[in-house]
Amino acid sequence: MRFQFALTLQALWTAVCQAAMQHYPAAWGHYDVCKSQVYSDEGLTWDYMACQPEAADMTQYLKVTLDPPNITCGDPPETYCALENPYMCNNECDATTEELAHPPELMFDIEGRNPTTFWQSTSWKKYPKALLVNITLSWNKTIELTDDIVLTFESGRPEQMVLEKSLDYGRSWQPYQFYATDCLDAFTMEPKTVQDLTQHTLLDIICTEDYSRGYVWKYDKTVRFEIKDRFALFAGPRLHNMASLYGQLDTTKNLRDFFTITDLRIRLLRPATGATMVDENNLSRYFYAISDIKVQGRCKCNLHANSCVFDKEKLSCECEHNTTGPDCGRCKRNYQGRAWSAGSYLPIPKGTANTCIPNNIGPVIRPNVSSLGVANRKEAPQVALSTAPSVHVANSKRARVCDNELLRCQNGGVCVNNVRCNCPSTYTGVLCEKSRCESELGGCGGADSGHAPMTPPSSPQLLLLVLLGSALLRAASC
């Protein structure tokens, strides 16, 4: 009887906890839902939210191009020596034999095979002419990076390399990061690491020696472009404060563009030599070999889609919110009642959908949905980046207060003639960045704040729990 009483009491306690917790507002969302049906003052209606696809392995969808085109080994067949042992020359590359071929697609196949598969270049047989290779990865779609770019080399990491990005499908290129054993000698740049960056210098292009120095290539084969360490400058060391990062991405276009690409280019400028001098008598020791490239990201859909499809060799967003286009970058026909705008991550956790509306309807404010409260949040402090315009508004006559690019009205606000933000009733501030309830009596947990309070179980729930408790006590005394 006592054992049964204990089990019943445990079940009762679980019910109490669940009743109390179900009223807690969500602190953070994943933006994986674009809309949901909810009850509002007007009955059952749609509640639209900012949304984005899940992050994925983007190497499944790319096209790889090598320059020069004949830089892959095996045509004609060639024998290679090991970098660490010039007398071990038993590695053969032959493009006509599957077991001995090293084509580019082996940079993206399944890892863990034995022996390891990899792409390999021709050897440095034209030394002292530089052994130059460009490896271009193209998606024909804008991609948002979500994790580190990682290259795994099988022949020693290159002594000089540049990682570049394009935002216009390869028409122009910008450096992402320089890599060298000696940054000053190779690129006339002071060596730095990602740990030297701050919130203000996040967009600076650096040269690092972390992934090129040393002759322990057998044990450290990777070269990285550190995305997460850059995220951590806003989100904290363990990325626990993603709300702060999303707030910055939402309001600073250059920061958002920094992590956005259509193409990547790996420029290999000098192979690993393992010594200060190149052994001209054994140039078959020097070449490039890459076994794996990792690129994690998601389709850029401007927060108007939660899925992206790969059809006919092309990625495209499955757009919601009455938007259309490969990136959901414009309003659908007959839904141009106001100018198109990207969705917004703010306010946390649902963001603002900024849906396109029918032509015959003017700008409207979304009705307050009482069943889905927004968690109390702290605004992310705005940071002026070294290569991006500050989001602060200068005190000048007829200063531009807002637009749809760098100075976007937050929390569903609508920019009026670039001079003011028309804010929803629950927000205030120049860019609608402040919760109106913050200045009210009781703060944002008050009944009139428009934010869901953390409410205890209702009176009927408490009465039911008391009656159940009394019954259990009587049972235990029997």
# chains A, B, ... in the order shown; residues from 1 in each chain; ligands from 1
>>> residues_around(residues="A:Leu132", least_positions_apart="5", cutoff="10 Å", atoms="only C-alpha atoms", output="ChimeraX atom specification")
/A:67-68,71,121,124,161,267-271,288
>>> closest_atom_pairs(of="stretch 147-192 of chain A", to="stretch 93-112 of chain A", cutoff="12 Å", atoms="only C-alpha atoms", output="CSV")
residue,atom,partner,partner_atom,distance
A:Val150,CA,A:Met107,CA,11.4
A:Leu151,CA,A:Met107,CA,9.0
A:Thr152,CA,A:Met107,CA,8.8
A:Phe153,CA,A:Met107,CA,9.7
A:Glu154,CA,A:Met107,CA,10.8
>>> write_last_selection(atoms="C-alpha atoms", output="JSON list (two decimals), in the first residue's frame")
[["chain", "number", "residue", "atom", "x", "y", "z"],
["A", 150, "VAL", "CA", 36.63, 22.56, -42.50],
["A", 151, "LEU", "CA", 39.15, 21.25, -45.06],
["A", 152, "THR", "CA", 41.01, 17.98, -44.40],
["A", 153, "PHE", "CA", 44.35, 17.55, -46.19],
["A", 154, "GLU", "CA", 46.08, 14.21, -46.74]]
>>> select_by_dssp(residues="stretch 20-243 of chain A", states="strand (DSSP E or B)", output="ChimeraX atom specification")
/A:35-40,43-48,51,56-57,63-67,72,78-80,91-93,119-121,133-145,149-153,160-166,174-180,191,207-208,222-225
>>> residues_around(residues="A:Ile357", least_positions_apart="6", cutoff="10 Å", atoms="only C-alpha atoms", output="list in words")
His321, Asn322, Thr323, Cys331, Lys332, Asn334, Tyr335, Gln336, Gly337, Arg338, Ala339, Trp340, Pro363 and Val364 of chain A
>>> write_last_selection(atoms="N, CA and C atoms", output="short mmCIF file (atom, residue, chain, number, x, y, z; two decimals), in the first residue's frame")
data_model
loop_
_atom_site.label_atom_id
_atom_site.label_comp_id
_atom_site.auth_asym_id
_atom_site.auth_seq_id
_atom_site.Cartn_x
_atom_site.Cartn_y
_atom_site.Cartn_z
N HIS A 321 4.27 33.19 -46.66
CA HIS A 321 4.03 34.61 -46.40
C HIS A 321 3.73 35.39 -47.69
N ASN A 322 3.18 34.69 -48.71
CA ASN A 322 2.82 35.33 -49.99
C ASN A 322 4.05 35.89 -50.72
N THR A 323 5.19 35.26 -50.53
CA THR A 323 6.41 35.68 -51.22
C THR A 323 6.77 34.66 -52.29
N CYS A 331 7.36 39.93 -53.43
CA CYS A 331 5.97 39.56 -53.17
C CYS A 331 5.35 38.90 -54.40
N LYS A 332 4.43 37.98 -54.14
CA LYS A 332 3.72 37.34 -55.24
C LYS A 332 2.82 38.35 -55.95
N ASN A 334 -0.28 40.24 -57.17
CA ASN A 334 -1.52 40.59 -56.46
C ASN A 334 -1.35 40.63 -54.95
N TYR A 335 -0.12 40.50 -54.46
CA TYR A 335 0.17 40.62 -53.03
C TYR A 335 1.24 41.69 -52.81
N GLN A 336 1.05 42.82 -53.44
CA GLN A 336 2.02 43.91 -53.36
C GLN A 336 1.39 45.15 -52.74
N GLY A 337 0.56 44.90 -51.70
CA GLY A 337 -0.11 45.99 -51.00
C GLY A 337 0.86 46.85 -50.21
N ARG A 338 2.04 46.33 -49.94
CA ARG A 338 3.11 47.12 -49.34
C ARG A 338 4.43 46.56 -49.85
N ALA A 339 5.49 47.32 -49.67
CA ALA A 339 6.80 46.91 -50.18
C ALA A 339 7.25 45.62 -49.52
N TRP A 340 7.89 44.75 -50.32
CA TRP A 340 8.44 43.51 -49.78
C TRP A 340 9.48 43.83 -48.70
N PRO A 363 -1.35 48.70 -45.09
CA PRO A 363 -0.56 48.13 -44.00
C PRO A 363 -1.41 47.91 -42.76
N VAL A 364 -1.31 46.72 -42.21
CA VAL A 364 -2.07 46.39 -41.01
C VAL A 364 -1.14 45.86 -39.95
#
>>> residues_around(residues="stretch 422-427 of chain A", least_positions_apart="4", cutoff="6 Å", atoms="only C-alpha atoms", output="JSON list (two decimals) with N, CA, C and O atoms, in the first residue's frame")
[["chain", "number", "residue", "atom", "x", "y", "z"],
["A", 413, "GLY", "N", 7.41, 46.81, -36.85],
["A", 413, "GLY", "CA", 7.21, 48.21, -37.19],
["A", 413, "GLY", "C", 7.31, 48.45, -38.68],
["A", 413, "GLY", "O", 7.97, 47.71, -39.41],
["A", 414, "VAL", "N", 6.64, 49.50, -39.16],
["A", 414, "VAL", "CA", 6.63, 49.84, -40.59],
["A", 414, "VAL", "C", 7.31, 51.19, -40.78],
["A", 414, "VAL", "O", 6.98, 52.17, -40.11],
["A", 432, "CYS", "N", 11.35, 50.94, -32.87],
["A", 432, "CYS", "CA", 10.42, 49.99, -32.23],
["A", 432, "CYS", "C", 11.18, 48.91, -31.47],
["A", 432, "CYS", "O", 10.77, 47.75, -31.43],
["A", 434, "LYS", "N", 12.01, 48.85, -28.19],
["A", 434, "LYS", "CA", 11.73, 48.72, -26.76],
["A", 434, "LYS", "C", 10.31, 48.22, -26.53],
["A", 434, "LYS", "O", 9.37, 48.66, -27.19],
["A", 435, "SER", "N", 10.17, 47.31, -25.56],
["A", 435, "SER", "CA", 8.85, 46.88, -25.15],
["A", 435, "SER", "C", 8.20, 48.01, -24.36],
["A", 435, "SER", "O", 8.79, 48.53, -23.40],
["A", 436, "ARG", "N", 6.99, 48.41, -24.75],
["A", 436, "ARG", "CA", 6.32, 49.50, -24.06],
["A", 436, "ARG", "C", 6.08, 49.18, -22.59],
["A", 436, "ARG", "O", 6.10, 50.07, -21.72]]
>>> residues_around(residues="A:Asp257", least_positions_apart="6", cutoff="10 Å", atoms="only C-alpha atoms", output="list in words")
Glu144, Leu167 and Leu249 of chain A
>>> select_by_dssp(residues="stretch 110-286 of chain A", states="helix (DSSP H, G or I)", output="ChimeraX atom specification")
/A:183-187,194-196,227-235,242-251,253-258,283-285
